[in-house]
Each structure stands twice: as C-alpha cells, then as structure tokens.
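**Student:** Input structure: data_31.cif, which contains mmCIF, C-alpha atoms.
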data_upload
loop_
_atom_site.label_atom_id
_atom_site.label_comp_id
_atom_site.auth_asym_id
_atom_site.auth_seq_id
_atom_site.Cartn_x
_atom_site.Cartn_y
_atom_site.Cartn_z
CA MET A 1 59.78 64.38 125.88
CA PRO A 2 60.42 66.77 122.93
CA MET A 3 63.99 67.72 122.11
CA ALA A 4 65.15 71.31 122.63
CA ALA A 5 66.87 73.22 119.83
CA ASP A 6 69.71 74.19 122.17
CA ALA A 7 70.41 70.54 123.09
CA PRO A 8 73.79 69.23 121.88
CA ILE A 9 74.53 66.93 118.97
CA GLY A 10 76.44 63.77 119.84
CA ILE A 11 79.23 62.46 117.60
CA PHE A 12 81.09 59.23 118.26
CA ASP A 13 83.84 57.05 116.89
CA SER A 14 86.15 54.39 118.26
CA GLY A 15 88.91 57.01 118.37
CA VAL A 16 89.95 60.20 116.61
CA GLY A 17 88.68 59.38 113.12
CA GLY A 18 85.33 61.02 113.80
CA LEU A 19 87.12 64.34 114.22
CA THR A 20 87.22 64.52 110.41
CA VAL A 21 83.40 64.55 110.50
CA LEU A 22 83.21 66.90 113.47
CA ARG A 23 85.17 69.57 111.61
CA HIS A 24 82.63 69.54 108.75
CA ILE A 25 79.73 69.75 111.22
CA ARG A 26 81.31 72.72 113.02
CA ALA A 27 81.74 74.45 109.66
CA ASP A 28 78.14 73.81 108.54
CA LEU A 29 76.43 74.25 111.93
CA PRO A 30 78.71 76.63 113.86
CA GLN A 31 76.14 77.52 116.54
CA GLU A 32 75.36 73.93 117.53
CA HIS A 33 76.70 72.52 120.80
CA LEU A 34 78.66 69.32 120.13
CA LEU A 35 79.63 66.37 122.32
CA TYR A 36 82.29 64.04 120.97
CA PHE A 37 82.84 60.52 122.31
CA ALA A 38 85.98 58.52 121.52
CA ASP A 39 85.56 54.89 122.59
CA ALA A 40 89.32 54.48 122.73
CA GLY A 41 89.12 51.98 125.59
CA HIS A 42 87.62 49.51 123.10
CA ALA A 43 89.45 50.52 119.92
CA PRO A 44 90.07 49.52 117.24
CA TYR A 45 86.53 48.55 116.22
CA GLY A 46 87.81 47.16 112.93
CA ASP A 47 89.30 44.14 114.69
CA ARG A 48 86.17 43.33 116.73
CA SER A 49 83.14 41.16 115.96
CA GLU A 50 79.87 42.70 114.81
CA THR A 51 78.27 41.70 118.13
CA GLU A 52 80.97 43.51 120.10
CA ILE A 53 80.75 46.61 117.92
CA THR A 54 76.97 46.73 118.27
CA GLY A 55 77.20 46.41 122.06
CA ARG A 56 79.72 49.22 122.32
CA SER A 57 77.76 51.46 119.94
CA LEU A 58 74.55 51.02 121.92
CA ALA A 59 76.41 51.75 125.15
CA VAL A 60 77.90 54.96 123.75
CA ALA A 61 74.51 56.03 122.37
CA GLN A 62 72.95 55.45 125.79
CA PHE A 63 75.67 57.51 127.46
CA LEU A 64 75.26 60.43 125.05
CA LEU A 65 71.48 60.36 125.41
CA GLY A 66 72.09 60.68 129.12
CA GLN A 67 73.88 63.96 128.31
CA GLY A 68 70.71 65.22 126.57
CA ILE A 69 71.64 65.02 122.90
CA LYS A 70 69.04 65.84 120.22
CA ALA A 71 70.84 63.96 117.40
CA LEU A 72 73.53 61.32 117.07
CA VAL A 73 76.19 61.06 114.38
CA VAL A 74 77.85 57.65 114.13
CA ALA A 75 81.12 59.03 112.77
CA CYS A 76 82.66 55.61 112.20
CA ASN A 77 82.28 53.47 109.10
CA THR A 78 82.70 50.24 111.04
CA ALA A 79 80.13 51.16 113.71
CA THR A 80 77.68 52.37 111.07
CA ALA A 81 77.96 49.14 109.13
CA ALA A 82 77.57 46.95 112.20
CA ALA A 83 75.29 48.86 114.53
CA ILE A 84 73.30 51.75 113.08
CA ALA A 85 70.20 49.59 112.51
CA ALA A 86 70.27 48.51 116.15
CA ILE A 87 70.67 52.12 117.34
CA ARG A 88 67.71 53.28 115.24
CA ALA A 89 65.59 50.36 116.44
CA ARG A 90 66.31 51.15 120.10
CA TYR A 91 65.90 54.94 119.75
CA PRO A 92 63.32 55.46 116.97
CA ALA A 93 62.61 59.10 117.90
CA LEU A 94 66.27 60.14 117.75
CA ILE A 95 67.86 61.70 114.67
CA VAL A 96 70.64 59.24 113.77
CA VAL A 97 73.09 59.84 110.91
CA GLY A 98 75.73 57.32 109.92
CA ILE A 99 78.66 57.11 107.54
CA GLU A 100 77.87 55.55 104.20
CA PRO A 101 80.79 53.81 102.47
CA GLY A 102 80.85 56.35 99.61
CA LEU A 103 80.25 53.72 96.95
CA LYS A 104 77.39 55.57 95.23
CA PRO A 105 79.26 58.81 94.52
CA ALA A 106 82.31 56.79 93.52
CA ALA A 107 80.25 54.78 91.03
CA GLN A 108 78.88 58.01 89.56
CA GLN A 109 82.32 59.59 89.31
CA SER A 110 84.30 56.66 87.92
CA ARG A 111 84.99 56.68 84.19
CA SER A 112 86.77 53.35 84.02
CA GLY A 113 84.14 51.46 86.02
CA HIS A 114 86.79 50.37 88.52
CA VAL A 115 86.67 51.81 92.06
CA GLY A 116 89.10 51.18 94.91
CA VAL A 117 87.96 51.05 98.52
CA LEU A 118 90.26 51.51 101.52
CA ALA A 119 88.48 50.36 104.70
CA THR A 120 88.74 48.21 107.81
CA SER A 121 88.21 44.45 107.66
CA ALA A 122 84.98 44.79 109.67
CA THR A 123 83.51 47.36 107.26
CA LEU A 124 84.38 45.28 104.20
CA ALA A 125 82.86 42.13 105.76
CA SER A 126 79.64 43.83 106.91
CA ALA A 127 76.28 42.97 105.36
CA ARG A 128 75.59 46.69 104.83
CA PHE A 129 78.72 47.18 102.74
CA THR A 130 78.45 43.99 100.72
CA ALA A 131 74.78 44.57 99.91
CA LEU A 132 75.45 48.08 98.60
CA ARG A 133 78.52 46.93 96.68
CA ASP A 134 76.66 44.05 95.05
CA GLN A 135 73.65 46.22 94.21
CA LEU A 136 75.78 48.88 92.51
CA SER A 137 77.86 46.27 90.72
CA ALA A 138 74.70 44.69 89.31
CA SER A 139 72.87 47.91 88.41
CA ARG A 140 75.78 50.01 87.14
CA GLY A 141 78.39 47.47 86.12
CA VAL A 142 80.99 48.99 88.43
CA HIS A 143 83.79 46.80 89.78
CA PHE A 144 84.78 47.53 93.38
CA HIS A 145 88.27 46.48 94.48
CA SER A 146 88.76 46.49 98.25
CA ALA A 147 91.81 46.74 100.49
CA ALA A 148 91.58 46.03 104.21
CA CYS A 149 94.09 48.50 105.63
CA VAL A 150 94.92 46.62 108.81
CA GLY A 151 96.86 48.89 111.15
CA LEU A 152 96.30 52.20 109.33
CA ALA A 153 93.72 53.53 111.79
CA ASP A 154 96.06 52.57 114.65
CA LEU A 155 98.94 54.50 113.09
CA ILE A 156 96.70 57.56 112.69
CA GLU A 157 95.57 57.25 116.32
CA GLN A 158 99.24 57.31 117.30
CA GLY A 159 99.80 60.50 115.30
CA ALA A 160 101.91 58.78 112.62
CA LEU A 161 100.44 60.81 109.77
CA ASN A 162 103.56 61.07 107.62
CA THR A 163 105.97 58.38 108.69
CA PRO A 164 107.75 55.57 106.80
CA PRO A 165 105.47 52.80 108.23
CA THR A 166 102.33 54.70 107.18
CA ALA A 167 103.76 55.50 103.75
CA GLN A 168 104.83 51.89 103.23
CA LEU A 169 101.39 50.57 104.21
CA LEU A 170 99.62 52.95 101.84
CA GLN A 171 102.02 52.30 98.97
CA GLY A 172 101.36 48.57 99.15
CA HIS A 173 97.57 48.88 99.19
CA LEU A 174 97.35 51.69 96.65
CA GLY A 175 99.74 49.95 94.28
CA ALA A 176 97.59 46.80 94.37
CA LEU A 177 94.41 48.81 93.74
CA LEU A 178 95.93 50.76 90.85
CA ALA A 179 96.89 47.44 89.24
CA GLN A 180 93.11 46.85 88.99
CA ARG A 181 92.78 50.01 86.82
CA ILE A 182 90.87 52.03 89.42
CA ASP A 183 90.35 55.74 88.69
CA THR A 184 88.41 56.54 91.90
CA LEU A 185 89.30 55.81 95.51
CA VAL A 186 86.87 55.64 98.44
CA LEU A 187 88.19 56.47 101.91
CA GLY A 188 86.07 53.96 103.80
CA CYS A 189 87.18 54.92 107.32
CA THR A 190 86.83 58.33 108.97
CA HIS A 191 90.44 58.12 110.15
CA TYR A 192 91.82 58.09 106.61
CA PRO A 193 91.21 61.76 105.61
CA PHE A 194 93.87 62.69 108.17
CA VAL A 195 96.45 61.08 105.87
CA LEU A 196 94.94 62.50 102.68
CA PRO A 197 98.13 64.46 101.80
CA LEU A 198 100.15 61.24 102.09
CA ILE A 199 97.56 59.34 100.00
CA GLU A 200 97.71 62.01 97.29
CA ASP A 201 101.51 62.02 97.34
CA THR A 202 101.60 58.23 97.09
CA LEU A 203 99.21 58.26 94.13
CA ARG A 204 101.44 60.82 92.40
CA ARG A 205 104.53 58.69 92.97
CA LEU A 206 102.68 55.66 91.63
CA GLY A 207 101.79 57.57 88.45
CA ALA A 208 98.10 58.11 89.15
CA PRO A 209 97.74 61.75 90.29
CA GLU A 210 94.32 62.13 88.67
CA THR A 211 92.68 59.46 90.81
CA GLY A 212 89.46 60.84 92.31
CA ILE A 213 89.11 60.55 96.09
CA ILE A 214 85.79 60.26 97.94
CA ASP A 215 85.59 61.53 101.56
CA THR A 216 82.05 61.13 102.92
CA GLY A 217 82.37 63.56 105.84
CA VAL A 218 80.86 66.42 103.82
CA ALA A 219 77.80 64.35 102.90
CA VAL A 220 77.26 63.33 106.53
CA SER A 221 77.26 66.95 107.69
CA ARG A 222 74.80 67.95 104.96
CA GLN A 223 72.45 65.09 105.86
CA LEU A 224 72.60 66.04 109.54
CA THR A 225 71.79 69.65 108.65
CA ARG A 226 68.77 68.56 106.57
CA LEU A 227 67.38 66.35 109.33
CA VAL A 228 67.91 68.90 112.10
CA ASP A 229 66.23 71.60 110.01
CA ALA A 230 63.34 69.29 109.07
CA ALA A 231 62.73 68.62 112.76
CA GLY A 232 62.87 72.34 113.59
CA LEU A 233 65.83 71.72 115.91
CA ARG A 234 68.53 74.01 114.53
CA HIS A 235 70.13 76.11 117.24
CA ALA A 236 70.24 79.66 115.89
CA SER A 237 70.50 81.82 118.99
CA GLY A 238 72.99 84.31 117.57
CA GLU A 239 75.28 83.70 120.55
CA GLY A 240 78.30 82.83 118.43
CA GLU A 241 80.01 79.49 118.12
CA GLY A 242 78.48 76.56 119.98
CA ARG A 243 80.16 74.78 122.86
CA LEU A 244 82.32 71.73 122.31
CA ALA A 245 83.11 69.05 124.88
CA ALA A 246 84.45 65.52 124.63
CA TYR A 247 84.43 62.20 126.46
CA THR A 248 86.61 59.15 126.07
CA SER A 249 86.76 55.64 127.48
CA GLY A 250 90.53 55.87 127.06
CA SER A 251 93.04 58.55 128.02
CA ALA A 252 91.75 62.12 128.33
CA ALA A 253 95.25 63.48 127.69
CA THR A 254 95.53 61.48 124.47
CA LEU A 255 92.23 62.81 123.13
CA GLN A 256 93.11 66.37 124.19
CA ASN A 257 96.36 66.04 122.27
CA ALA A 258 94.51 64.74 119.21
CA PHE A 259 92.11 67.70 119.22
CA SER A 260 95.02 70.10 119.49
CA ARG A 261 97.21 68.35 116.91
CA LEU A 262 94.55 67.56 114.32
CA LEU A 263 92.00 70.38 114.67
CA GLN A 264 93.81 73.05 116.69
CA LEU A 265 91.01 72.92 119.28
CA THR A 266 91.20 72.60 123.07
CA PRO A 267 87.80 71.40 124.36
CA PRO A 268 87.38 69.98 127.85
CA VAL A 269 87.80 66.18 127.78
CA THR A 270 86.38 63.83 130.43
CA ALA A 271 87.47 60.22 130.83
CA VAL A 272 84.63 57.82 131.65
CA ALA A 273 84.79 54.25 132.87
CA PRO A 274 85.21 51.87 129.90
CA ARG A 275 82.35 49.57 130.84
CA ALA A 276 78.92 48.89 129.37
CA GLY A 277 76.96 51.62 131.15
CA MET A 278 79.78 54.19 131.16
CA ALA A 279 78.31 56.40 133.84
CA ALA A 280 80.09 59.73 134.00
CA PRO A 281 82.29 60.22 137.03
CA ALA A 282 80.91 62.26 139.91
#
Represent the structure of the file as structure tokens.
**Tutor:**
Amino acid sequence: MPMAADAPIGIFDSGVGGLTVLRHIRADLPQEHLLYFADAGHAPYGDRSETEITGRSLAVAQFLLGQGIKALVVACNTATAAAIAAIRARYPALIVVGIEPGLKPAAQQSRSGHVGVLATSATLASARFTALRDQLSASRGVHFHSAACVGLADLIEQGALNTPPTAQLLQGHLGALLAQRIDTLVLGCTHYPFVLPLIEDTLRRLGAPETGIIDTGVAVSRQLTRLVDAAGLRHASGEGEGRLAAYTSGSAATLQNAFSRLLQLTPPVTAVAPRAGMAAPA
C-alpha cells in the first residue's frame, strides 16, 4: 500500500537523546507530522547486547509502522550500529535513516590526523563502527581514539546537564583524548549534544578551545529530507507546523518533562506496555 504524504515520520531512541535529532527535523521539515518513541523501559541500549538491541529496535519499528509512519529515523547511534540492517531487511519499502558515527566528516576536518570519539560501549564495539573506523584509518591515515562514556547518557536522561558528576566524567575522558593530540571530537551518541556547552567549557579549561566538534544530527535531517523528497512524500499542505506526539515504554511524565526542559515543547505523550509487541493501550 503506497504511503501518503501526510503520514507521520517516526523517530526513535532509547530515551531523550533522539530529541537532538528531532529538533533539526522540525526545523528542516516544519510541516511534517512527527511521532517520537523513547524506549525508556529498556534503556540504556549502550549496556545491552547487540541481539537485545536489535530485538527492541524491530519491536519499536513495528509499533511505529502500526501508527502509519511513512519514514523511520533511528535517532540512536547504538541502535543504528546494531540494528539498522535488520530493520531495512524486514521493511525494504520503508524510508529508514540512521545515525552515522560522524567519522567521515571528522576525518575530513582534522588537521592533525587524530580524532577523538565519545560514544557508548555498544557503539564502539559494533561491526558497523569498527569497519568504518578501520576503512578510514587505512585510506586516509587518520587515527581514531575512542572513549566509552559509561554513565553519561544516564546522567543526561536524569537532567544532569551541568552538574559536578557530569563535568568530572567529561573532564576525565576529554583529558585522555587530548593527550592523544586530537583536534576534532565526534559526539557518537545523540544524547551528548545536550551537554555541548559543558563539553566546550571543559575543552577550554583543558587548553583546547579550538577543538572541532562533530554533531551528526544536521546530516541526518538533511538525508531524511532528500529521501522524502525523492519519494514524493513531503507534506506541504500550507497548514502550518505539523503535529507532534510521543510514546514511551517508560514514564510518560518523565518524557513530558524532557520535552519541556530540553526543547520547550509540550506534545501529548502516551505510555505503552514495555513488551515485545508494545500494543498501544485502548
């Protein structure tokens, strides 16, 4: 059955990190209807096995397809690395856009040939990440230095955007990366742009204020726009800003608070049962 141009676009993450991508999509495609899914009942993905992440990602995709989406944005680095191939294989007719680690633009931007990557353990261990890293290292001679920021996504989920524990965690990882002579830093998790001011402040205090920072949310939105336009599915009704709604397998109040605190938005949020099929409540 062909997709309708006024059908919504689905966006999902394990928690609130995907909101950094959603804000770029709303800016680039303001008339599109958007459905956001936070799989908070199974977060954090970064601590789970690839099999678990793939199972959850397929379940969320199935749920959002049940809501009639015309495109799916996997707004999570960990889920993209582990599961996007499985999603595309199961739903070959669906527009699916994932988060790339940002290694290519970082390799192009770096002058020293040393790039730092902040990401979850699962992203750094994924075959998708390691293959791209190794290919760029071989073809461009770039050295990638990785830091698994265990606990950072959890702190951001809790709203600890500028607190001593968050600052201490970042100072330790960024200090170790700067010791490797990096001049470019990849934010390899969609949660991390929410602490960008703290990252920039930490880099200044560590004597590296000129370090370039790569946030891939802009590129994801542009790719989604290209694919939606190529399929003739852009919603351009002239009715003003598109609708926004959200679902979560965790607490609806927590996600509502995150939308308000992080994006100054108040969409309706529905909690759904955190099980494989995740049927919406009656």
**Student:** In terms of the shortest atom-to-atom distance over all atoms listed in the file, which of A:Val96, A:Ala4, A:Val142, A:Ala236 is closest to Gly113 (chain A)?
**Tutor:**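 Of the candidates, the smallest distance to Gly113 (chain A) is held by A:Val142.
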**Student:** I need the output of the PyMOL selection byres ((chain A and resi 47) around 12) for this file as a ChimeraX atom specification; which residues are they?
**Tutor:** /A:14,42-46,48-53,78-79,119-125,148-154
**Student:** Nearest to Val115 (chain A): which of A:Gln264, A:Gln158, A:Gln180, A:Gln168 is it, counting all atoms listed in the file?
**Tutor:**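 Distance minimum relative to Val115 (chain A) lands on A:Gln180.
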**Student:** Name the residues that the PyMOL selection byres ((chain A and resi 28-35) around 9) pulls out of this structure, and write them as a PyMOL selection string.
**Tutor:** chain A and resi 5-12+22-27+36-37+64+67+69+221-222+225+234-247
**Student:** So which residues touch Phe259 (chain A) within 9 Å, counting only C-alpha atoms, skipping near sequence neighbours fewer than 6 positions away, as a CSV table (one decimal) with C-alpha atoms, keeping the file's coordinate frame?
**Tutor:**
chain,number,residue,atom,x,y,z
A,16,VAL,CA,90.0,60.2,116.6
A,19,LEU,CA,87.1,64.3,114.2
A,265,LEU,CA,91.0,72.9,119.3
A,266,THR,CA,91.2,72.6,123.1
A,267,PRO,CA,87.8,71.4,124.4
**Student:** Using all atoms listed in the file, which of the listed residues (A:Phe63, A:Phe144, A:Tyr91, A:Phe194) sits closest to Leu132 (chain A)?
**Tutor:** A:Phe144
**Student:** Under the rule that only C-alpha atoms are counted, which of A:Arg140, A:Arg90, A:Glu100, A:Asp39 is the nearest residue to Val218 (chain A)?
**Tutor:**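 Ranking A:Arg140, A:Arg90, A:Glu100, A:Asp39 by distance to Val218 (chain A), first place goes to A:Glu100.
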**Student:** Give me the residues within 7 Å of Gly250 (chain A) as number ranges by chain, counting only C-alpha atoms and dropping any in the same chain fewer than 2 places off.
**Tutor:** A: 39-41, 248, 252, 271
**Student:** Please provide the set of residues having any atom within 12 Å of Pro197 (chain A), restricted to only C-alpha atoms, with same-chain residues fewer than 2 positions apart removed, written as a ChimeraX atom specification.
**Tutor:** /A:161-162,166-167,170,192-195,199-204,209,213
**Student:** Extract, using only C-alpha atoms, all DNA, RNA and protein residues at most 6 Å from Asp13 (chain A), discarding same-chain residues fewer than 3 positions from it, and format them as a list of chain:residue names.
**Tutor:** A:Gly18, A:Ala38, A:Ala75, A:Cys76
**Student:** Report, in Å with one decimal, the straight-line distance from CA of Leu187 (chain A) to CA of Gln223 (chain A).
**Tutor:**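 That distance, rounded to one decimal, is 18.4 Å.
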**Student:** Interatomic distance between CA of Ser57 (chain A) and CA of Ala253 (chain A)?
**Tutor:**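 Spanning CA of Ser57 (chain A) to CA of Ala253 (chain A) is a straight-line distance of 22.6 Å.
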**Student:** Point out the residue among A:Arg205, A:His114, A:Arg261, A:Lys104 with the least atom-to-atom distance to Leu177 (chain A), counting all atoms listed in the file.
**Tutor:**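 Residue with the minimum atom-to-atom distance to Leu177 (chain A): A:His114.
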**Student:** Give me, please, the distance in Å between CA of Ala273 (chain A) and CA of Leu65 (chain A), quoted to one decimal.
**Tutor:**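 Atom-to-atom, CA of Ala273 (chain A) and CA of Leu65 (chain A) are spaced 16.4 Å apart.
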**Student:** With the file shown as input, list the residues that the PyMOL selection byres ((chain A and resi 85) around 12) selects, as a list of chain:residue names.
**Tutor:**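 This file, filtered by the PyMOL selection byres ((chain A and resi 85) around 12), leaves A:Thr54, A:Ser57, A:Leu58, A:Val74, A:Ala79, A:Thr80, A:Ala81, A:Ala82, A:Ala83, A:Ile84, A:Ala86, A:Ile87, A:Arg88, A:Ala89, A:Arg90, A:Tyr91, A:Pro92, A:Val96, A:Val97, A:Gly98, A:Ala127, A:Arg128.
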**Student:** With distances taken over only C-alpha atoms, which residue among A:Ala59, A:Ile95, A:Cys189, A:Leu72 lies nearest Gly232 (chain A)?
**Tutor:**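 Ranked by minimum distance to Gly232 (chain A), first place goes to A:Ile95.
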**Student:** Which protein, DNA or RNA residues are at most 12 Å from (95.0, 48.5, 87.1) in the file's coordinates when you count only C-alpha atoms, listed as a ChimeraX atom specification?
**Tutor:** /A:112-116,143,145,174-184,206-208,211
**Student:** Rebuild region 101-127 of chain A to N, CA, C and O atoms - output it as a compact mmCIF listing (two decimals), in the coordinates of the input, please.
**Tutor:**
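That gives us out.txt:
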# COMPACT_ATOMS: atom_id res chain seq x y z
N PRO A 101 79.45 54.13 102.99
CA PRO A 101 80.79 53.81 102.47
C PRO A 101 81.28 54.69 101.33
O PRO A 101 82.43 54.64 100.97
N GLY A 102 80.42 55.50 100.71
CA GLY A 102 80.85 56.35 99.61
C GLY A 102 80.86 55.65 98.28
O GLY A 102 81.44 56.16 97.31
N LEU A 103 80.23 54.48 98.20
CA LEU A 103 80.25 53.72 96.95
C LEU A 103 79.41 54.37 95.85
O LEU A 103 79.77 54.34 94.68
N LYS A 104 78.27 54.95 96.24
CA LYS A 104 77.39 55.57 95.23
C LYS A 104 78.06 56.73 94.52
O LYS A 104 78.10 56.76 93.28
N PRO A 105 78.59 57.73 95.25
CA PRO A 105 79.26 58.81 94.52
C PRO A 105 80.48 58.34 93.74
O PRO A 105 80.78 58.87 92.68
N ALA A 106 81.16 57.32 94.24
CA ALA A 106 82.31 56.79 93.52
C ALA A 106 81.88 56.15 92.20
O ALA A 106 82.53 56.32 91.17
N ALA A 107 80.76 55.41 92.24
CA ALA A 107 80.25 54.78 91.03
C ALA A 107 79.83 55.82 90.00
O ALA A 107 80.03 55.63 88.79
N GLN A 108 79.28 56.94 90.47
CA GLN A 108 78.88 58.01 89.56
C GLN A 108 80.09 58.72 88.96
O GLN A 108 80.07 59.15 87.81
N GLN A 109 81.14 58.83 89.74
CA GLN A 109 82.32 59.59 89.31
C GLN A 109 83.26 58.79 88.42
O GLN A 109 83.92 59.34 87.54
N SER A 110 83.32 57.48 88.63
CA SER A 110 84.30 56.66 87.92
C SER A 110 84.04 56.62 86.42
O SER A 110 82.92 56.41 85.97
N ARG A 111 85.08 56.79 85.65
CA ARG A 111 84.99 56.68 84.19
C ARG A 111 85.39 55.30 83.72
O ARG A 111 84.89 54.79 82.73
N SER A 112 86.29 54.66 84.44
CA SER A 112 86.77 53.35 84.02
C SER A 112 85.85 52.22 84.48
O SER A 112 85.94 51.10 83.98
N GLY A 113 84.98 52.51 85.46
CA GLY A 113 84.14 51.46 86.02
C GLY A 113 84.85 50.61 87.04
O GLY A 113 84.34 49.56 87.45
N HIS A 114 86.02 51.08 87.50
CA HIS A 114 86.79 50.37 88.52
C HIS A 114 87.06 51.33 89.68
O HIS A 114 87.69 52.38 89.49
N VAL A 115 86.58 50.96 90.87
CA VAL A 115 86.67 51.81 92.06
C VAL A 115 87.43 51.07 93.15
O VAL A 115 87.16 49.89 93.42
N GLY A 116 88.38 51.74 93.78
CA GLY A 116 89.10 51.18 94.91
C GLY A 116 88.48 51.62 96.22
O GLY A 116 87.98 52.74 96.33
N VAL A 117 88.51 50.75 97.21
CA VAL A 117 87.96 51.05 98.52
C VAL A 117 88.99 50.72 99.59
O VAL A 117 89.40 49.56 99.72
N LEU A 118 89.40 51.72 100.35
CA LEU A 118 90.26 51.51 101.52
C LEU A 118 89.35 51.51 102.75
O LEU A 118 88.63 52.48 102.98
N ALA A 119 89.37 50.45 103.54
CA ALA A 119 88.48 50.36 104.70
C ALA A 119 89.03 49.34 105.68
O ALA A 119 90.04 48.66 105.42
N THR A 120 88.36 49.23 106.83
CA THR A 120 88.74 48.21 107.81
C THR A 120 88.17 46.85 107.39
O THR A 120 87.22 46.78 106.60
N SER A 121 88.70 45.80 107.96
CA SER A 121 88.21 44.45 107.66
C SER A 121 86.74 44.32 108.05
O SER A 121 85.95 43.69 107.32
N ALA A 122 86.36 44.90 109.19
CA ALA A 122 84.98 44.79 109.67
C ALA A 122 84.01 45.48 108.73
O ALA A 122 82.92 44.97 108.45
N THR A 123 84.38 46.66 108.22
CA THR A 123 83.51 47.36 107.26
C THR A 123 83.34 46.54 105.99
O THR A 123 82.23 46.36 105.48
N LEU A 124 84.44 46.02 105.46
CA LEU A 124 84.38 45.28 104.20
C LEU A 124 83.60 43.97 104.34
O LEU A 124 83.01 43.50 103.36
N ALA A 125 83.57 43.40 105.55
CA ALA A 125 82.86 42.13 105.76
C ALA A 125 81.41 42.33 106.16
O ALA A 125 80.65 41.36 106.23
N SER A 126 80.99 43.58 106.40
CA SER A 126 79.64 43.83 106.91
C SER A 126 78.58 43.59 105.84
O SER A 126 78.81 43.80 104.64
N ALA A 127 77.40 43.19 106.28
CA ALA A 127 76.28 42.97 105.36
C ALA A 127 75.88 44.26 104.67
O ALA A 127 75.51 44.26 103.49
